[in-house]
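Listing of coords.csv; format and content: CSV, C-alpha atoms (C1' of nucleotides).
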chain,number,residue,atom,x,y,z
A,15,MET,CA,-20.3,26.8,-2.2
A,16,LYS,CA,-20.6,23.2,-3.2
A,17,PHE,CA,-18.2,21.3,-5.5
A,18,THR,CA,-18.7,18.1,-7.2
A,19,PRO,CA,-16.2,15.3,-6.7
A,20,SER,CA,-14.4,13.9,-9.6
A,21,GLU,CA,-14.9,10.3,-10.4
A,22,GLN,CA,-11.3,9.7,-9.3
A,23,GLU,CA,-12.0,11.2,-5.8
A,24,GLU,CA,-15.1,9.1,-5.5
A,25,LEU,CA,-13.2,6.0,-6.3
A,26,LEU,CA,-10.5,6.9,-3.8
A,27,PHE,CA,-13.1,7.1,-1.0
A,28,LEU,CA,-15.0,4.0,-2.2
A,29,PHE,CA,-11.8,2.1,-2.2
A,30,LYS,CA,-10.9,3.0,1.3
A,31,THR,CA,-14.4,2.4,2.6
A,32,LEU,CA,-14.6,-1.0,0.9
A,33,SER,CA,-11.3,-2.1,2.3
A,34,ASN,CA,-12.3,-1.0,5.8
A,35,GLN,CA,-15.4,-3.1,5.6
A,36,LEU,CA,-13.6,-6.1,4.1
A,37,GLY,CA,-11.1,-6.7,7.0
A,38,PRO,CA,-13.5,-7.3,9.8
A,39,LYS,CA,-16.0,-9.2,7.7
A,40,PHE,CA,-13.2,-11.5,6.5
A,41,GLU,CA,-12.1,-12.2,10.0
A,42,ARG,CA,-15.6,-13.0,11.2
A,43,ASN,CA,-15.8,-15.6,8.5
A,44,THR,CA,-12.5,-17.3,8.8
A,45,GLN,CA,-11.1,-16.8,12.4
A,46,PHE,CA,-8.0,-15.2,10.9
A,47,SER,CA,-7.2,-11.7,9.9
A,48,LEU,CA,-6.3,-11.1,6.3
A,49,SER,CA,-2.7,-10.4,7.3
A,50,ARG,CA,-2.2,-13.5,9.4
A,51,ILE,CA,-3.7,-15.7,6.6
A,52,GLU,CA,-1.3,-14.1,4.2
A,53,LEU,CA,1.7,-14.7,6.4
A,54,LEU,CA,0.8,-18.3,7.1
A,55,TYR,CA,0.1,-18.7,3.4
A,56,GLN,CA,3.5,-17.5,2.5
A,57,LEU,CA,5.0,-19.9,5.0
A,58,VAL,CA,3.2,-22.8,3.5
A,59,GLN,CA,4.6,-21.9,0.2
A,60,SER,CA,8.2,-21.6,1.3
A,61,ASP,CA,8.4,-23.8,4.3
A,62,GLU,CA,10.9,-21.5,6.0
A,63,MET,CA,12.0,-18.0,5.4
A,64,SER,CA,13.6,-15.0,7.3
A,65,GLN,CA,11.3,-12.3,8.7
A,66,SER,CA,12.7,-9.8,6.3
A,67,THR,CA,12.0,-11.8,3.2
A,68,LEU,CA,8.6,-12.5,4.6
A,69,GLN,CA,8.1,-8.8,5.1
A,70,LYS,CA,9.0,-8.0,1.5
A,71,SER,CA,6.6,-10.6,0.2
A,72,VAL,CA,3.5,-9.3,2.1
A,73,ASN,CA,4.3,-5.6,2.1
A,74,ILE,CA,3.6,-4.9,5.7
A,75,ASP,CA,5.8,-2.9,8.0
A,76,HIS,CA,8.6,-4.7,9.8
A,77,ALA,CA,7.2,-3.8,13.2
A,78,ALA,CA,3.8,-5.3,12.4
A,79,ILE,CA,5.5,-8.4,11.1
A,80,THR,CA,7.4,-8.9,14.3
A,81,ARG,CA,4.2,-8.5,16.4
A,82,HIS,CA,2.2,-10.9,14.2
A,83,LEU,CA,4.8,-13.5,14.3
A,84,LYS,CA,5.3,-13.3,18.1
A,85,GLN,CA,1.6,-13.8,18.5
A,86,LEU,CA,1.5,-16.6,16.0
A,87,GLU,CA,4.4,-18.2,17.8
A,88,ALA,CA,2.6,-17.8,21.1
A,89,ASP,CA,-0.4,-19.5,19.5
A,90,GLY,CA,1.8,-22.4,18.4
A,91,LEU,CA,1.2,-21.8,14.7
A,92,VAL,CA,4.7,-20.8,13.8
A,93,SER,CA,8.2,-21.5,15.2
A,94,ARG,CA,11.1,-19.0,15.1
A,95,ARG,CA,14.8,-19.4,15.6
A,96,ARG,CA,17.9,-17.4,14.8
A,97,ASN,CA,19.8,-18.1,11.6
A,98,PRO,CA,23.0,-19.8,12.7
A,99,HIS,CA,24.8,-18.4,9.7
A,100,ASP,CA,23.7,-14.8,10.4
A,101,ASN,CA,22.5,-14.1,13.9
A,102,ARG,CA,20.7,-11.0,12.8
A,103,GLU,CA,18.0,-13.0,11.0
A,104,THR,CA,15.1,-14.8,12.5
A,105,ILE,CA,14.0,-17.8,10.5
A,106,VAL,CA,10.3,-18.5,10.6
A,107,GLN,CA,8.6,-21.8,9.9
A,108,ILE,CA,5.0,-22.9,10.1
A,109,THR,CA,4.2,-25.7,12.6
A,110,GLU,CA,2.1,-28.8,12.1
A,111,GLU,CA,-0.7,-27.1,14.0
A,112,GLY,CA,-0.3,-24.0,11.9
A,113,TYR,CA,-0.5,-26.0,8.7
A,114,ARG,CA,-3.5,-27.9,10.1
A,115,GLN,CA,-5.3,-24.6,10.9
A,116,ILE,CA,-4.6,-22.9,7.7
A,117,MET,CA,-5.8,-25.9,5.7
A,118,ASN,CA,-8.8,-25.9,7.9
A,119,CYS,CA,-9.9,-22.4,7.1
A,120,GLN,CA,-9.2,-22.8,3.3
A,121,LYS,CA,-12.8,-23.6,2.8
A,122,ASP,CA,-14.1,-20.5,4.6
A,123,LYS,CA,-11.6,-18.3,2.8
A,124,LEU,CA,-12.7,-19.6,-0.6
A,125,SER,CA,-16.3,-19.3,0.2
A,126,PHE,CA,-15.8,-15.8,1.4
A,127,ALA,CA,-14.0,-14.8,-1.8
A,128,ASN,CA,-16.7,-16.5,-3.9
A,129,ARG,CA,-19.4,-14.5,-2.3
A,130,MET,CA,-17.4,-11.3,-2.4
A,131,PHE,CA,-16.8,-11.6,-6.1
A,132,HIS,CA,-20.2,-13.0,-6.8
A,133,GLU,CA,-21.3,-12.4,-10.4
A,134,ILE,CA,-18.1,-10.8,-11.4
A,135,ASN,CA,-16.8,-12.9,-14.2
A,136,ASP,CA,-13.3,-14.0,-15.0
A,137,VAL,CA,-12.7,-11.2,-17.6
A,138,GLU,CA,-13.7,-8.6,-15.1
A,139,LEU,CA,-11.7,-10.2,-12.4
A,140,ARG,CA,-8.6,-10.2,-14.6
A,141,SER,CA,-9.1,-6.5,-15.5
A,142,LEU,CA,-9.7,-5.6,-11.8
A,143,MET,CA,-6.4,-7.3,-10.9
A,144,ASP,CA,-4.6,-5.6,-13.7
A,145,MET,CA,-5.9,-2.2,-12.6
A,146,LEU,CA,-5.0,-2.7,-9.0
A,147,LYS,CA,-1.5,-3.7,-10.0
A,148,ARG,CA,-1.1,-0.6,-12.1
A,149,ILE,CA,-2.4,1.6,-9.3
A,150,GLN,CA,0.1,0.0,-6.9
A,151,GLU,CA,2.8,0.7,-9.4
A,152,ASN,CA,1.7,4.3,-9.8
A,153,ILE,CA,1.8,5.0,-6.1
A,154,LYS,CA,4.9,3.1,-5.4
A,155,ASP,CA,7.1,6.0,-4.7
A,156,PHE,CA,4.8,8.6,-3.2
B,30,MET,CA,2.5,-29.5,0.4
B,31,LYS,CA,2.0,-26.3,-1.6
B,32,PHE,CA,-1.2,-25.0,-3.0
B,33,THR,CA,-1.8,-22.4,-5.6
B,34,PRO,CA,-4.0,-19.4,-4.7
B,35,SER,CA,-7.1,-18.8,-6.7
B,36,GLU,CA,-7.2,-15.5,-8.6
B,37,GLN,CA,-9.9,-14.4,-6.2
B,38,GLU,CA,-7.7,-14.9,-3.2
B,39,GLU,CA,-4.8,-13.1,-4.9
B,40,LEU,CA,-7.2,-10.2,-5.5
B,41,LEU,CA,-8.3,-10.2,-1.9
B,42,PHE,CA,-4.8,-9.8,-0.7
B,43,LEU,CA,-3.8,-7.3,-3.3
B,44,PHE,CA,-6.8,-5.2,-2.4
B,45,LYS,CA,-5.9,-5.1,1.2
B,46,THR,CA,-2.2,-4.4,0.6
B,47,LEU,CA,-3.0,-1.6,-1.8
B,48,SER,CA,-5.4,0.0,0.5
B,49,ASN,CA,-2.9,-0.2,3.4
B,50,GLN,CA,-0.4,1.6,1.3
B,51,LEU,CA,-2.9,4.2,0.0
B,52,GLY,CA,-3.8,5.7,3.4
B,53,PRO,CA,-0.4,6.9,4.6
B,54,LYS,CA,0.7,8.0,1.1
B,55,PHE,CA,-2.5,10.1,0.7
B,56,GLU,CA,-1.9,11.7,4.1
B,57,ARG,CA,1.7,12.5,3.3
B,58,ASN,CA,0.5,14.4,0.2
B,59,THR,CA,-2.5,16.3,1.6
B,60,GLN,CA,-2.0,16.8,5.4
B,61,PHE,CA,-5.4,15.1,6.0
B,62,SER,CA,-6.3,11.5,6.4
B,63,LEU,CA,-8.7,10.1,3.9
B,64,SER,CA,-11.4,9.8,6.5
B,65,ARG,CA,-11.1,13.4,7.7
B,66,ILE,CA,-11.1,14.7,4.1
B,67,GLU,CA,-14.2,12.7,3.5
B,68,LEU,CA,-15.9,14.0,6.6
B,69,LEU,CA,-15.1,17.6,5.8
B,70,TYR,CA,-16.1,17.1,2.2
B,71,GLN,CA,-19.6,15.9,3.3
B,72,LEU,CA,-19.9,18.9,5.6
B,73,VAL,CA,-19.1,21.2,2.7
B,74,GLN,CA,-21.9,19.5,0.7
B,75,SER,CA,-24.5,19.8,3.3
B,76,ASP,CA,-23.5,22.7,5.4
B,77,GLU,CA,-24.8,21.1,8.6
B,78,MET,CA,-25.8,17.6,9.6
B,79,SER,CA,-26.2,15.4,12.6
B,80,GLN,CA,-23.4,13.0,13.5
B,81,SER,CA,-25.5,10.0,12.8
B,82,THR,CA,-26.4,11.1,9.2
B,83,LEU,CA,-22.8,11.9,8.7
B,84,GLN,CA,-21.9,8.5,9.9
B,85,LYS,CA,-24.3,6.9,7.5
B,86,SER,CA,-22.8,8.8,4.6
B,87,VAL,CA,-19.2,7.9,5.2
B,88,ASN,CA,-19.7,4.3,6.5
B,89,ILE,CA,-17.3,4.6,9.4
B,90,ASP,CA,-18.2,3.3,12.9
B,91,HIS,CA,-20.0,5.7,15.3
B,92,ALA,CA,-17.1,5.7,17.7
B,93,ALA,CA,-14.6,6.7,15.1
B,94,ILE,CA,-16.8,9.5,13.9
B,95,THR,CA,-17.1,10.9,17.4
B,96,ARG,CA,-13.3,10.9,17.8
B,97,HIS,CA,-12.6,12.5,14.5
B,98,LEU,CA,-15.1,15.2,15.1
B,99,LYS,CA,-13.8,16.0,18.5
B,100,GLN,CA,-10.4,16.4,17.1
B,101,LEU,CA,-11.6,18.4,14.1
B,102,GLU,CA,-13.4,20.6,16.6
B,103,ALA,CA,-10.3,21.0,18.7
B,104,ASP,CA,-8.5,22.0,15.5
B,105,GLY,CA,-11.2,24.6,14.8
B,106,LEU,CA,-12.2,23.1,11.5
B,107,VAL,CA,-15.7,22.1,12.7
B,108,SER,CA,-18.3,23.3,15.2
B,109,ARG,CA,-20.7,21.1,17.1
B,110,ARG,CA,-23.8,21.9,19.1
B,111,ARG,CA,-26.8,20.0,20.4
B,112,ASN,CA,-29.9,19.9,18.3
B,113,PRO,CA,-32.5,22.0,20.2
B,114,HIS,CA,-35.4,19.9,18.8
B,115,ASP,CA,-33.8,16.6,19.8
B,116,ASN,CA,-31.1,16.8,22.4
B,117,ARG,CA,-29.7,13.4,21.5
B,118,GLU,CA,-28.4,14.7,18.3
B,119,THR,CA,-25.2,16.6,17.8
B,120,ILE,CA,-25.2,18.9,14.8
B,121,VAL,CA,-22.0,19.4,13.0
B,122,GLN,CA,-21.0,22.3,10.8
B,123,ILE,CA,-17.8,23.2,9.0
B,124,THR,CA,-16.1,26.5,10.1
B,125,GLU,CA,-14.7,29.2,7.9
B,126,GLU,CA,-11.3,27.8,8.7
B,127,GLY,CA,-12.3,24.3,7.9
B,128,TYR,CA,-13.7,25.5,4.6
B,129,ARG,CA,-10.5,27.4,3.9
B,130,GLN,CA,-8.3,24.4,4.6
B,131,ILE,CA,-10.3,21.8,2.7
B,132,MET,CA,-10.3,24.1,-0.3
B,133,ASN,CA,-6.6,24.6,0.1
B,134,CYS,CA,-5.9,20.9,-0.1
B,135,GLN,CA,-8.2,20.3,-3.1
B,136,LYS,CA,-5.2,20.8,-5.4
B,137,ASP,CA,-3.1,18.2,-3.6
B,138,LYS,CA,-6.0,15.7,-3.5
B,139,LEU,CA,-6.7,16.0,-7.2
B,140,SER,CA,-3.0,15.7,-8.0
B,141,PHE,CA,-2.8,12.6,-5.9
B,142,ALA,CA,-5.8,11.0,-7.5
B,143,ASN,CA,-4.4,11.9,-10.9
B,144,ARG,CA,-1.1,10.2,-10.3
B,145,MET,CA,-2.8,7.3,-8.7
B,146,PHE,CA,-5.0,6.6,-11.6
B,147,HIS,CA,-2.4,7.6,-14.2
B,148,GLU,CA,-3.0,5.9,-17.5
B,149,ILE,CA,-6.2,4.4,-16.4
B,150,ASN,CA,-8.8,5.7,-18.8
B,151,ASP,CA,-12.4,6.8,-18.2
B,152,VAL,CA,-13.9,3.5,-19.4
B,153,GLU,CA,-11.7,1.5,-17.1
B,154,LEU,CA,-12.3,3.9,-14.2
B,155,ARG,CA,-16.1,3.5,-14.7
B,156,SER,CA,-15.8,-0.2,-14.7
B,157,LEU,CA,-13.6,-0.2,-11.7
B,158,MET,CA,-16.1,1.9,-9.8
B,159,ASP,CA,-18.8,-0.4,-10.9
B,160,MET,CA,-17.1,-3.5,-9.7
B,161,LEU,CA,-16.2,-2.0,-6.3
B,162,LYS,CA,-19.8,-1.0,-5.8
B,163,ARG,CA,-20.9,-4.5,-6.7
B,164,ILE,CA,-18.4,-6.0,-4.3
B,165,GLN,CA,-19.6,-3.7,-1.6
B,166,GLU,CA,-23.1,-4.8,-2.2
B,167,ASN,CA,-22.0,-8.4,-2.1
B,168,ILE,CA,-20.4,-8.2,1.3
B,169,LYS,CA,-23.0,-5.9,2.7
B,170,ASP,CA,-24.5,-8.4,5.1
B,171,PHE,CA,-21.6,-10.7,6.0
C,22,DG,C1',42.1,-5.6,15.6
C,23,DG,C1',39.1,-1.2,15.5
C,24,DT,C1',35.8,1.7,13.3
C,25,DC,C1',31.9,2.5,10.3
C,26,DA,C1',28.1,1.6,7.5
C,27,DA,C1',24.5,-1.6,6.3
C,28,DT,C1',21.1,-5.1,7.7
C,29,DG,C1',17.6,-7.3,10.6
C,30,DT,C1',14.7,-7.2,14.6
C,31,DT,C1',12.4,-5.1,18.3
C,32,DT,C1',10.1,-1.5,20.9
C,33,DG,C1',7.4,2.7,21.8
C,34,DA,C1',4.3,6.2,20.4
C,35,DC,C1',0.5,7.1,18.0
C,36,DG,C1',-3.5,6.9,14.3
C,37,DC,C1',-7.6,4.7,12.7
C,38,DC,C1',-10.9,1.0,13.0
C,39,DT,C1',-14.3,-2.1,15.2
C,40,DC,C1',-17.2,-3.9,18.9
C,41,DA,C1',-19.5,-3.8,23.2
C,42,DA,C1',-21.1,-1.3,27.1
C,43,DT,C1',-22.9,3.0,29.0
C,44,DA,C1',-25.5,7.3,29.4
C,45,DA,C1',-28.8,10.6,27.9
C,46,DT,C1',-32.8,11.7,25.5
C,47,DA,C1',-37.1,10.8,23.0
C,48,DT,C1',-41.1,8.2,22.0
C,49,DA,C1',-44.7,4.9,22.5
C,50,DT,C1',-47.8,2.7,25.3
C,51,DA,C1',-50.3,0.7,29.3
D,10,DT,C1',-48.0,9.6,34.5
D,11,DA,C1',-44.8,5.6,34.6
D,12,DT,C1',-42.4,2.2,32.2
D,13,DA,C1',-40.4,0.0,28.3
D,14,DT,C1',-38.0,0.7,23.9
D,15,DA,C1',-35.4,3.0,20.4
D,16,DT,C1',-32.0,6.4,19.0
D,17,DT,C1',-27.7,9.1,19.5
D,18,DA,C1',-23.4,9.9,21.2
D,19,DT,C1',-19.6,8.6,24.0
D,20,DT,C1',-16.1,5.8,26.2
D,21,DG,C1',-13.0,1.7,26.8
D,22,DA,C1',-10.6,-2.2,25.1
D,23,DG,C1',-8.2,-4.2,21.6
D,24,DG,C1',-6.5,-5.2,16.5
D,25,DC,C1',-3.7,-3.7,12.9
D,26,DG,C1',-0.9,-0.2,10.6
D,27,DT,C1',2.9,3.4,10.3
D,28,DC,C1',7.2,5.8,11.6
D,29,DA,C1',11.2,6.6,14.3
D,30,DA,C1',14.6,5.2,17.5
D,31,DA,C1',17.3,1.6,19.7
D,32,DC,C1',19.9,-2.6,19.4
D,33,DA,C1',22.7,-6.5,17.8
D,34,DT,C1',25.2,-8.5,14.2
D,35,DT,C1',27.8,-8.5,10.0
D,36,DG,C1',31.0,-7.1,6.6
D,37,DA,C1',34.2,-3.8,4.7
D,38,DC,C1',38.0,-1.1,5.1
D,39,DC,C1',42.0,1.3,7.5

What would you get if you wrote out this structure as structure tokens?
Amino acid sequence: MKFTPSEQEELLFLFKTLSNQLGPKFERNTQFSLSRIELLYQLVQSDEMSQSTLQKSVNIDHAAITRHLKQLEADGLVSRRRNPHDNRETIVQITEEGYRQIMNCQKDKLSFANRMFHEINDVELRSLMDMLKRIQENIKDF
Amino acid sequence: MKFTPSEQEELLFLFKTLSNQLGPKFERNTQFSLSRIELLYQLVQSDEMSQSTLQKSVNIDHAAITRHLKQLEADGLVSRRRNPHDNRETIVQITEEGYRQIMNCQKDKLSFANRMFHEINDVELRSLMDMLKRIQENIKDF
DNA sequence: GGTCAATGTTTGACGCCTCAATAATATATA
DNA sequence: TATATATTATTGAGGCGTCAAACATTGACC
């Protein structure tokens, strides 16, 4: 009647559970959701970019990107305008205020990450990253 | 103007991204969401249990549990009744049909996990699991 | 120029999650 | 017994994600 789970299955569940817990906790500690931080972060790196390139760099669905950016724009953290050379594109740029706020929460973000990876050393961290990237590659075209 | 992300930050984002991709892909391959599979799986293990103990074992919010079980009940995969000895509790049990279906998708689930962890060996798997558990412990009371 | 396919954005529908508030029941205690 | 407290389940509101459909614009080709 019973059946024991393979380690792989266990890992799959653990992975999902952990990630579900991570999001809300992160947000409570930094005032920004992981996705918004990542978006703003990309915009700091590249100063300005189209929504579609932004989408590709963070791997979130187009629709979600649109909604995030609309909200970030409403909050004054981001500005958007049409690309004059190609009116289909929307070019996004971080504002002064956006820059200020993301810098402001750097500290909290780092502290969160530090506690999250507490007592996990660099070698382990590297191997963790490596495995996650391989997994991502493995499931790419499911 | 720019700032380079720490490895920890990168990992944090990678983790979230990967997990976001995992859910939908899993569901496309098995007909069940990760959460529903996990719930049914628990019910196979324990034959019958109260919602609150079920909740504790899968680490999902009470509210989500209620909604999942209502739907699973509507689908005929699960039966629910009040505990006669404590009318606050709802006792949940998997049905024949539920058992049939979860057994039926075992194959797909295993095949998914296999491809997902392709070329990641047992030692690595063990260490991955270990790290995830430590992280979970680390963020427990954020 | 007119048509057609590709590209980029937006919207709607819907799933899953969390948190907070409510309701029902059980338990402890004055 | 009456009242306060704790436990369990439910509901409502709202965030974030996906997919699919609609729309505008561009570019290629006749």

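Across the model, the gap from atom C1' of D:DT20 to atom C1' of C:DA47 is 21.8 Å.
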
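If you look at atom CA of A:Asn135 and atom CA of B:Leu154, they are 17.4 Å away from each other.
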
Computed gap from atom CA of B:Asn88 to atom C1' of D:DA15 is 21.0 Å

At most 8 Å is the cut-off: for each residue in chain C with any atom that close to an atom of chain B, write down the nearest atom pair and the distance in Å rounded to one decimal, counting all atoms listed in the file, chain first then increasing number, as JSON lines.
{"residue": "C:DC37", "atom": "C1'", "partner": "B:Ala93", "partner_atom": "CA", "distance": 7.7}
{"residue": "C:DC38", "atom": "C1'", "partner": "B:Ala93", "partner_atom": "CA", "distance": 7.1}
{"residue": "C:DT39", "atom": "C1'", "partner": "B:Asp90", "partner_atom": "CA", "distance": 7.0}
{"residue": "C:DA45", "atom": "C1'", "partner": "B:Arg117", "partner_atom": "CA", "distance": 7.0}
{"residue": "C:DT46", "atom": "C1'", "partner": "B:Arg117", "partner_atom": "CA", "distance": 5.3}
{"residue": "C:DA47", "atom": "C1'", "partner": "B:Asp115", "partner_atom": "CA", "distance": 7.4}

Could you fit chain A onto chain B by least squares over every C-alpha atom, paired in order, and give me the moved chain as a short mmCIF file (atom, residue, chain, number, x, y, z; two decimals) with C-alpha atoms, keeping the file's coordinate frame?
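Generated output (result38.cif):
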data_model
loop_
_atom_site.label_atom_id
_atom_site.label_comp_id
_atom_site.auth_asym_id
_atom_site.auth_seq_id
_atom_site.Cartn_x
_atom_site.Cartn_y
_atom_site.Cartn_z
CA MET A 15 2.40 -29.55 0.30
CA LYS A 16 1.98 -26.37 -1.64
CA PHE A 17 -1.32 -25.00 -3.02
CA THR A 18 -1.85 -22.40 -5.54
CA PRO A 19 -4.03 -19.41 -4.72
CA SER A 20 -7.04 -18.72 -6.75
CA GLU A 21 -7.19 -15.50 -8.61
CA GLN A 22 -9.93 -14.40 -6.20
CA GLU A 23 -7.63 -14.96 -3.14
CA GLU A 24 -4.87 -13.06 -4.84
CA LEU A 25 -7.13 -10.17 -5.49
CA LEU A 26 -8.34 -10.20 -1.90
CA PHE A 27 -4.75 -9.82 -0.63
CA LEU A 28 -3.80 -7.27 -3.34
CA PHE A 29 -6.77 -5.24 -2.39
CA LYS A 30 -5.93 -5.12 1.23
CA THR A 31 -2.27 -4.42 0.60
CA LEU A 32 -3.08 -1.61 -1.84
CA SER A 33 -5.46 0.03 0.56
CA ASN A 34 -2.91 -0.17 3.38
CA GLN A 35 -0.38 1.60 1.25
CA LEU A 36 -2.86 4.20 -0.01
CA GLY A 37 -3.81 5.71 3.43
CA PRO A 38 -0.45 6.87 4.57
CA LYS A 39 0.70 7.99 1.15
CA PHE A 40 -2.48 10.06 0.79
CA GLU A 41 -1.92 11.73 4.08
CA ARG A 42 1.68 12.59 3.31
CA ASN A 43 0.47 14.37 0.23
CA THR A 44 -2.44 16.30 1.53
CA GLN A 45 -2.03 16.86 5.36
CA PHE A 46 -5.36 15.12 5.91
CA SER A 47 -6.29 11.54 6.34
CA LEU A 48 -8.68 10.07 3.84
CA SER A 49 -11.39 9.89 6.51
CA ARG A 50 -11.09 13.46 7.70
CA ILE A 51 -11.16 14.74 4.05
CA GLU A 52 -14.28 12.72 3.52
CA LEU A 53 -15.99 14.07 6.59
CA LEU A 54 -15.11 17.66 5.83
CA TYR A 55 -16.18 17.02 2.25
CA GLN A 56 -19.54 15.85 3.34
CA LEU A 57 -19.90 18.91 5.51
CA VAL A 58 -19.16 21.19 2.65
CA GLN A 59 -21.84 19.54 0.71
CA SER A 60 -24.53 19.78 3.36
CA ASP A 61 -23.49 22.70 5.42
CA GLU A 62 -24.80 21.10 8.61
CA MET A 63 -25.82 17.64 9.52
CA SER A 64 -26.19 15.36 12.66
CA GLN A 65 -23.34 12.99 13.52
CA SER A 66 -25.50 10.03 12.77
CA THR A 67 -26.41 11.09 9.29
CA LEU A 68 -22.80 11.92 8.76
CA GLN A 69 -21.89 8.46 9.94
CA LYS A 70 -24.26 6.79 7.49
CA SER A 71 -22.88 8.80 4.61
CA VAL A 72 -19.18 7.85 5.17
CA ASN A 73 -19.65 4.34 6.51
CA ILE A 74 -17.36 4.58 9.45
CA ASP A 75 -18.15 3.40 12.93
CA HIS A 76 -19.94 5.79 15.25
CA ALA A 77 -17.10 5.74 17.75
CA ALA A 78 -14.54 6.75 15.14
CA ILE A 79 -16.84 9.50 13.98
CA THR A 80 -17.11 10.95 17.43
CA ARG A 81 -13.29 10.91 17.88
CA HIS A 82 -12.66 12.51 14.47
CA LEU A 83 -15.10 15.21 15.04
CA LYS A 84 -13.81 16.05 18.55
CA GLN A 85 -10.37 16.40 17.09
CA LEU A 86 -11.60 18.43 14.17
CA GLU A 87 -13.47 20.63 16.60
CA ALA A 88 -10.35 21.00 18.70
CA ASP A 89 -8.51 22.02 15.53
CA GLY A 90 -11.16 24.66 14.82
CA LEU A 91 -12.26 23.07 11.56
CA VAL A 92 -15.71 22.09 12.64
CA SER A 93 -18.24 23.36 15.22
CA ARG A 94 -20.70 21.11 17.11
CA ARG A 95 -23.79 21.87 19.10
CA ARG A 96 -26.78 19.93 20.35
CA ASN A 97 -29.96 19.88 18.30
CA PRO A 98 -32.42 22.01 20.23
CA HIS A 99 -35.29 19.99 18.86
CA ASP A 100 -33.76 16.64 19.91
CA ASN A 101 -31.07 16.81 22.54
CA ARG A 102 -29.76 13.42 21.61
CA GLU A 103 -28.30 14.70 18.33
CA THR A 104 -25.16 16.64 17.82
CA ILE A 105 -25.28 18.93 14.82
CA VAL A 106 -21.99 19.39 13.05
CA GLN A 107 -21.01 22.27 10.81
CA ILE A 108 -17.79 23.15 9.06
CA THR A 109 -16.13 26.46 10.09
CA GLU A 110 -14.69 29.17 7.90
CA GLU A 111 -11.23 27.86 8.70
CA GLY A 112 -12.33 24.35 7.91
CA TYR A 113 -13.73 25.41 4.56
CA ARG A 114 -10.55 27.42 3.90
CA GLN A 115 -8.37 24.34 4.64
CA ILE A 116 -10.33 21.90 2.68
CA MET A 117 -10.36 24.18 -0.36
CA ASN A 118 -6.70 24.57 0.16
CA CYS A 119 -5.85 20.92 -0.09
CA GLN A 120 -8.22 20.34 -3.12
CA LYS A 121 -5.29 20.75 -5.39
CA ASP A 122 -3.12 18.16 -3.62
CA LYS A 123 -6.02 15.73 -3.44
CA LEU A 124 -6.66 16.01 -7.18
CA SER A 125 -3.08 15.70 -8.04
CA PHE A 126 -2.75 12.68 -5.87
CA ALA A 127 -5.73 10.99 -7.52
CA ASN A 128 -4.39 11.89 -10.98
CA ARG A 129 -1.13 10.22 -10.31
CA MET A 130 -2.75 7.24 -8.64
CA PHE A 131 -4.98 6.59 -11.60
CA HIS A 132 -2.36 7.53 -14.10
CA GLU A 133 -2.97 5.93 -17.51
CA ILE A 134 -6.16 4.33 -16.49
CA ASN A 135 -8.72 5.69 -18.84
CA ASP A 136 -12.27 6.77 -18.23
CA VAL A 137 -13.79 3.42 -19.44
CA GLU A 138 -11.61 1.52 -17.07
CA LEU A 139 -12.27 3.90 -14.29
CA ARG A 140 -16.02 3.52 -14.76
CA SER A 141 -15.74 -0.31 -14.78
CA LEU A 142 -13.48 -0.24 -11.66
CA MET A 143 -16.12 1.85 -9.85
CA ASP A 144 -18.88 -0.41 -10.97
CA MET A 145 -17.00 -3.48 -9.72
CA LEU A 146 -16.21 -1.98 -6.38
CA LYS A 147 -19.84 -1.06 -5.92
CA ARG A 148 -20.94 -4.58 -6.70
CA ILE A 149 -18.38 -6.03 -4.32
CA GLN A 150 -19.62 -3.70 -1.57
CA GLU A 151 -23.11 -4.86 -2.30
CA ASN A 152 -22.07 -8.50 -2.18
CA ILE A 153 -20.45 -8.19 1.20
CA LYS A 154 -23.01 -5.98 2.69
CA ASP A 155 -24.46 -8.44 5.05
CA PHE A 156 -21.57 -10.69 5.98
#

Shell of 9 Å around stretch 30-36 of chain C, all atoms listed in the file, local chain residues under 2 positions omitted, as a list in words: Gln65, Ser66, His76, Ala77, Thr80, Arg102, Glu103 and Thr104 of chain A; DG26, DT27, DA30, DA31, DC32 and DA33 of chain D

Write out as a PyMOL selection string which residues come within 8 Å of B:Arg109 when counting all atoms listed in the file, dropping same-chain ones fewer than 4 positions away. chain B and resi 102+119-122

Written file, previous selection with C-alpha atoms, as a PDB file, keeping the file's coordinate frame:
ATOM      1  CA  GLU B 102     -13.400  20.600  16.600  1.00  0.00           C
ATOM      2  CA  THR B 119     -25.200  16.600  17.800  1.00  0.00           C
ATOM      3  CA  ILE B 120     -25.200  18.900  14.800  1.00  0.00           C
ATOM      4  CA  VAL B 121     -22.000  19.400  13.000  1.00  0.00           C
ATOM      5  CA  GLN B 122     -21.000  22.300  10.800  1.00  0.00           C
TER       6      GLN B 122
END

Give me the residues near B:Leu43 as a PyMOL selection string, where near means some atom within 10 Å (using only C-alpha atoms (C1' of nucleotides)) and where sequence neighbours in that chain fewer than 2 positions away do not count. (chain A and resi 72-73+143+146-147+150) or (chain B and resi 37-41+45-49)
